[in-house]
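Participant: Sharing a structure below in structure tokens format, with a few things to ask.
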Amino acid sequence: MASGGRIVIVGASLAGLRAAQTLREEGFDGTITVIGAEPHLPYDRPPLSKEALAGTMPDEEVYLPLGALDADFRLATRATSVDLGERSVALDSGQTVSFDRLVLATGAHPRSLSGLPDLEGVFFLRTLDDCLAIRARLTPGCRVVVVGAGFIGSEVAATCQGLGLDVTVVEALPVPMVRGVGELVGRRCARLHADHGVRLQLGVGVTGLAGDHRVEAVVLADGSVIPADVVVIGVGVTPATEWLAGSGLDLENGVRCDRWCRALSGGEAVAGVVAAGDVARWENPLFGEVMRVEHWTNAAEQGRAAALTLLHGQEAPVFDPVPYFWSDQYETKIQFVGRVGPDVRVVDGSLDDDRFVVAYGSEGRIVGALAFSRPARLMAYRSMIARRDTFPDAV
Amino acid sequence: MRVVVDFDKCTSNAVCMAVAPEVFEVRDDGYLYILQEEPPDALRPKMEDAVRQCPTGAISVEG
Ligand SMILES: Cc1cc2nc3c(=O)[nH]c(=O)nc-3n(C[C@H](O)[C@H](O)[C@H](O)COP(=O)(O)OP(=O)(O)OC[C@H]3O[C@@H](n4cnc5c(N)ncnc54)[C@H](O)[C@@H]3O)c2cc1C
Ligand code: SF4
């Protein structure tokens with residue numbers, strides 16, 4: 001069943017698109033049906049907290065190039081369940097679509113904060129529509145409160161500061177982005193906000209929102225009240241697997257997959273079902289670790305890898321990338337390769353500078369590196385990590 | 001095969017340099033330099049990889 005038949009891709013974004021494009025490049029000549037909950041053709045999310053939010057990128061430029069892709073897009077259509085026995089996907093329209101092979105690429109949903117009232121002026125940022133709605137509210141003089149100092153929250157803060165707005169970032173943890181970059185660099189990221197006049201409230205959670213119809217203020221656990229015209233909540237995402245409950249697939253903070261991106265059920269690979277992107281939790285043999293990565297390059301690469309598995313089975317290469325992501329905040333280009341490790345060493349410049357590189361080690365191996373505005377030097381570490389060089393010798 | 005970069009889109013993140021340092025180099029001045037505009041055919045898989053990995057879609061391969 002290597003060629004022909006119908007391949008259904010659920011999720012019409014980066015991972016799903018790359019899967020579809022790879023299938024065609026590899027000569028798949030059957031039907032490709034792409035089901036997407038949003039009304040839009042695939043677009044790029046990174047600009048949504050950067051140029052598109054600032055209004056410096058024309059809206060039509062956020063769309064991903066489709067080329068001459070031969071695929072049937074069913075947009076504004078949500079998959080509500082999958083039947084692995086019948087090999088069909090149920091849609092919210094009431095229809096079902098049968099498949100021979102299936103790609104799960106539903107990404108992630110923003111996490112919400114429980115107990116907050118539903119007020120106008122309070123936003124999450126995941127979709128193009130979210131971005132346009134927030135942008136419409138960013139009028140001169142407005143006060144913005146960002147809840148959560150992760151990458152997306154920090155980028156929103158930087159973009160709003162660049163628009164000349166008054167910005168406060170509230171973060172429940174004592175150090176921003178610890179999970180993503182570790183404590184040392186997290187503290188350095190905190191300084192980036194302070195250096196640009198953005199107030200950062202660390203170690204205090206949000207307990208409420210004030211306002212009748214429209215938000216007027218954010219209330220913190222220590223009782224303080226921060227006036228707000230716009231609130232953007234960026235407290236992480238959860239993999240979009242709710243529609244797969246009861247399917248029999250192993251769901252463990254994502255769709256659990258093996259090293260070929262094949263979805264597992266009861267620990268066994270399900271024939272002809274793969275997952276990719278933010279929704280997939282797979283075994284990365286390079287690190288001997290089961291991981292889920294919520295970044296652009298992974299979605300693009302895994303979409304391709306999953307498609308190759310559908311066509312070539314275990315003859316396809318295992319998916320063993322060195323994860324990579326970037327984040328643009330103020331004038332600083334933050335870039336990261338690999339994983340955070342317990343051993344941290346500054347290997348280029350100093351944390352007091354605007355530019356530096358930090359390497360991370362674990363159990364004598366180099367596992368990651370992060371740079372502030374040092375792209376070429378950072379990339380040298382990508383190959384060291386892939387080669388499993390020793391730490392600290394490599395650095 | 002000819003490698004073309006749209007410098008209006010390129011953000012000098014050096015992702016292509018990690019893939020093919022023999023063709024792409026981001027220097028300390030912050031700009032991307034193309035070391036070989038017509039790389040040998042043996043580099044085609046790497047060029048296709050660079051096209052796919054470039055986050056801004058700035059790279060294209062002609063011919
Ligand atoms: C504001 C923002 C900024 C970002 N910036 C960066 C950055 O600078 N660098 C970086 O590396 N990464 C960044 N990312 C992360 C990157 O965009 C994601 O990793 C990437 O979009 C993941 O792609 P995906 O295709 O796996 O999932 P998504 O892009 O999340 O797409 C999944 C799609 O599936 C749809 N869907 C969900 N459930 C269903 C269903 N049941 N039926 C049908 N369709 C469904 C969703 O509506 C969505 O359109 C950013 C993300 C955001 C939101
Ligand atoms: S990967 Fe793309 S954006 Fe990055 S330096 Fe190369 S051409 Fe420029």
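Here's how to read the names in the structure tokens: chain A, B, ... by the order shown, residue numbers from 1 in each chain, ligand numbers from 1 in the order shown.
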Please return as a PyMOL selection string: the residues of range 102-285 of chain A that backbone DSSP assigns to strand (DSSP E).
Facilitator: chain A and resi 102-104+108-110+122-124+143-147+166-171+199-202+206-210+217-220+225-227+230-233+237-239+255-257+262-265+268-275+280-284
Participant: Dump C-alpha atoms for the selected residues as a PDB file, in the first residue's frame?
Facilitator:
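Wrote part11.pdb, looks like this:
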ATOM      1  CA  LEU A 102      -3.439   9.214   8.482  1.00  0.00           C
ATOM      2  CA  VAL A 103      -1.274  12.122   9.637  1.00  0.00           C
ATOM      3  CA  LEU A 104      -2.082  13.708  13.003  1.00  0.00           C
ATOM      4  CA  ALA A 108      -1.447  22.796  20.346  1.00  0.00           C
ATOM      5  CA  HIS A 109      -3.980  25.037  22.059  1.00  0.00           C
ATOM      6  CA  PRO A 110      -3.077  27.872  24.419  1.00  0.00           C
ATOM      7  CA  VAL A 122      -8.374  39.684  27.246  1.00  0.00           C
ATOM      8  CA  PHE A 123      -6.639  37.547  24.631  1.00  0.00           C
ATOM      9  CA  PHE A 124      -4.661  34.418  23.912  1.00  0.00           C
ATOM     10  CA  ARG A 143      -1.681  49.836  28.774  1.00  0.00           C
ATOM     11  CA  VAL A 144      -0.746  46.241  28.041  1.00  0.00           C
ATOM     12  CA  VAL A 145      -0.323  43.512  30.645  1.00  0.00           C
ATOM     13  CA  VAL A 146       1.232  40.266  29.460  1.00  0.00           C
ATOM     14  CA  VAL A 147       0.590  37.255  31.694  1.00  0.00           C
ATOM     15  CA  ASP A 166       3.151  50.908  28.369  1.00  0.00           C
ATOM     16  CA  VAL A 167       3.905  47.239  29.101  1.00  0.00           C
ATOM     17  CA  THR A 168       3.968  45.092  32.243  1.00  0.00           C
ATOM     18  CA  VAL A 169       4.816  41.384  32.231  1.00  0.00           C
ATOM     19  CA  VAL A 170       3.584  39.218  35.108  1.00  0.00           C
ATOM     20  CA  GLU A 171       5.203  35.825  35.682  1.00  0.00           C
ATOM     21  CA  ARG A 199       8.076  46.254  34.041  1.00  0.00           C
ATOM     22  CA  LEU A 200       8.489  42.624  35.050  1.00  0.00           C
ATOM     23  CA  GLN A 201       6.657  41.270  38.093  1.00  0.00           C
ATOM     24  CA  LEU A 202       8.214  37.945  38.977  1.00  0.00           C
ATOM     25  CA  VAL A 206      -2.547  36.342  38.674  1.00  0.00           C
ATOM     26  CA  THR A 207      -5.639  35.722  40.789  1.00  0.00           C
ATOM     27  CA  GLY A 208      -8.241  37.778  38.974  1.00  0.00           C
ATOM     28  CA  LEU A 209      -9.265  40.345  36.421  1.00  0.00           C
ATOM     29  CA  ALA A 210     -11.182  43.504  37.263  1.00  0.00           C
ATOM     30  CA  ALA A 217      -7.014  45.690  35.652  1.00  0.00           C
ATOM     31  CA  VAL A 218      -5.145  42.520  36.502  1.00  0.00           C
ATOM     32  CA  VAL A 219      -5.193  41.443  40.166  1.00  0.00           C
ATOM     33  CA  LEU A 220      -2.157  39.624  41.575  1.00  0.00           C
ATOM     34  CA  VAL A 225      -3.679  45.721  40.998  1.00  0.00           C
ATOM     35  CA  ILE A 226      -2.196  46.596  37.600  1.00  0.00           C
ATOM     36  CA  PRO A 227      -4.362  48.781  35.361  1.00  0.00           C
ATOM     37  CA  VAL A 230      -5.302  44.904  26.920  1.00  0.00           C
ATOM     38  CA  VAL A 231      -4.299  41.622  28.575  1.00  0.00           C
ATOM     39  CA  VAL A 232      -2.464  38.911  26.634  1.00  0.00           C
ATOM     40  CA  ILE A 233      -2.208  35.538  28.341  1.00  0.00           C
ATOM     41  CA  VAL A 237       0.137  25.349  25.373  1.00  0.00           C
ATOM     42  CA  THR A 238      -1.329  21.874  25.585  1.00  0.00           C
ATOM     43  CA  PRO A 239      -1.226  19.414  22.690  1.00  0.00           C
ATOM     44  CA  VAL A 255       0.338  11.626  20.696  1.00  0.00           C
ATOM     45  CA  ARG A 256       2.955   9.108  21.787  1.00  0.00           C
ATOM     46  CA  CYS A 257       5.062   7.990  18.822  1.00  0.00           C
ATOM     47  CA  ARG A 262       4.394   6.207  14.082  1.00  0.00           C
ATOM     48  CA  ALA A 263       1.559   6.672  16.568  1.00  0.00           C
ATOM     49  CA  LEU A 264       1.393   4.027  19.286  1.00  0.00           C
ATOM     50  CA  SER A 265      -1.582   2.187  20.717  1.00  0.00           C
ATOM     51  CA  GLU A 268       2.582  -0.852  19.533  1.00  0.00           C
ATOM     52  CA  ALA A 269       2.878   1.169  16.322  1.00  0.00           C
ATOM     53  CA  VAL A 270      -0.457   1.546  14.530  1.00  0.00           C
ATOM     54  CA  ALA A 271      -0.095   0.715  10.835  1.00  0.00           C
ATOM     55  CA  GLY A 272      -0.262   3.786   8.623  1.00  0.00           C
ATOM     56  CA  VAL A 273      -0.839   6.383  11.354  1.00  0.00           C
ATOM     57  CA  VAL A 274       1.811   9.021  12.113  1.00  0.00           C
ATOM     58  CA  ALA A 275       1.958  12.270  14.064  1.00  0.00           C
ATOM     59  CA  ALA A 280       3.629  14.661  18.714  1.00  0.00           C
ATOM     60  CA  ARG A 281       5.626  13.208  21.567  1.00  0.00           C
ATOM     61  CA  TRP A 282       8.217  10.888  20.114  1.00  0.00           C
ATOM     62  CA  GLU A 283      11.352   9.043  20.995  1.00  0.00           C
ATOM     63  CA  ASN A 284      14.374  11.003  19.762  1.00  0.00           C
TER      64      ASN A 284
END
Participant: Please check which protein, DNA or RNA residues sit within 6 Å of ligand 2, counting only C-alpha atoms and all ligand atoms, and write them as a CSV table (one decimal) with C-alpha atoms, in the first residue's frame.
Facilitator:
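Below is the file that was written, pocket-v2.csv:
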chain,number,residue,atom,x,y,z
B,5,VAL,CA,18.6,34.2,-1.5
B,10,CYS,CA,16.7,36.7,5.1
B,11,THR,CA,17.1,37.4,8.8
B,12,SER,CA,20.7,36.1,9.0
B,13,ASN,CA,19.8,33.4,11.5
B,14,ALA,CA,22.5,31.1,10.0
B,15,VAL,CA,20.2,28.0,9.8
B,16,CYS,CA,21.4,27.4,6.2
B,32,LEU,CA,24.7,36.3,5.0
B,54,CYS,CA,15.1,28.3,6.2
B,55,PRO,CA,12.5,29.8,8.5
B,56,THR,CA,11.8,32.7,6.3
B,58,ALA,CA,14.3,33.1,1.6
B,59,ILE,CA,16.3,30.4,-0.3
Participant: Counting only C-alpha atoms, figure out which residue out of A:Asp59, A:Asp100, A:Asp393, A:Asp343 gets nearest to Ala369 in chain A.
Facilitator: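 So, comparing all the options, the nearest one is A:Asp343.
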Participant: List all protein, DNA and RNA residues that have any atom at most 7 Å from ligand 1, counting only C-alpha atoms and all ligand atoms, and write the list as a ChimeraX atom specification.
Facilitator: /A:10-16,35-38,44-49,77-80,105-109,125-127,152,240,243,276-279,294-299,324-328
Participant: Counting only C-alpha atoms, which residues of chain A sit at most 7 Å from some atom of chain B, and what is each one's closest atom pair with its distance in Å to one decimal, listed by chain and rising residue number, as CSV?
Facilitator:
residue,atom,partner,partner_atom,distance
A:Thr297,CA,B:Gln53,CA,6.7
A:Pro375,CA,B:Asn13,CA,5.3
A:Ala376,CA,B:Ala14,CA,5.6
A:Met379,CA,B:Ala18,CA,5.4
A:Ala380,CA,B:Ala18,CA,6.8
Participant: Just all heavy atoms for this one: save the residues we selected as an mmCIF file, in the first residue's frame.
Facilitator:
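So the final result, stored in selection21.cif, reads:
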data_model
loop_
_atom_site.group_PDB
_atom_site.id
_atom_site.type_symbol
_atom_site.label_atom_id
_atom_site.label_comp_id
_atom_site.auth_asym_id
_atom_site.auth_seq_id
_atom_site.Cartn_x
_atom_site.Cartn_y
_atom_site.Cartn_z
ATOM 1 N N THR A 297 10.845 24.738 13.487
ATOM 2 C CA THR A 297 11.695 23.843 12.708
ATOM 3 C C THR A 297 11.294 22.392 12.932
ATOM 4 O O THR A 297 11.314 21.571 12.010
ATOM 5 C CB THR A 297 13.173 24.057 13.083
ATOM 6 O OG1 THR A 297 13.482 25.426 12.821
ATOM 7 C CG2 THR A 297 14.100 23.171 12.280
ATOM 8 N N PRO A 375 24.463 34.319 15.649
ATOM 9 C CA PRO A 375 23.931 33.180 14.899
ATOM 10 C C PRO A 375 24.977 32.193 14.389
ATOM 11 O O PRO A 375 24.838 30.997 14.569
ATOM 12 C CB PRO A 375 23.160 33.823 13.741
ATOM 13 C CG PRO A 375 23.538 35.250 13.736
ATOM 14 C CD PRO A 375 24.018 35.601 15.100
ATOM 15 N N ALA A 376 26.041 32.705 13.778
ATOM 16 C CA ALA A 376 27.002 31.791 13.165
ATOM 17 C C ALA A 376 27.701 30.946 14.229
ATOM 18 O O ALA A 376 27.895 29.749 14.072
ATOM 19 C CB ALA A 376 28.023 32.579 12.359
ATOM 20 N N MET A 379 25.495 28.152 15.560
ATOM 21 C CA MET A 379 25.216 27.023 14.668
ATOM 22 C C MET A 379 26.345 25.995 14.675
ATOM 23 O O MET A 379 26.136 24.825 14.388
ATOM 24 C CB MET A 379 24.927 27.521 13.252
ATOM 25 C CG MET A 379 23.559 28.166 13.133
ATOM 26 S SD MET A 379 22.238 27.050 13.686
ATOM 27 C CE MET A 379 20.885 28.216 13.856
ATOM 28 N N ALA A 380 27.561 26.438 15.016
ATOM 29 C CA ALA A 380 28.668 25.479 15.107
ATOM 30 C C ALA A 380 28.352 24.409 16.152
ATOM 31 O O ALA A 380 28.787 23.259 16.033
ATOM 32 C CB ALA A 380 29.949 26.213 15.474
#
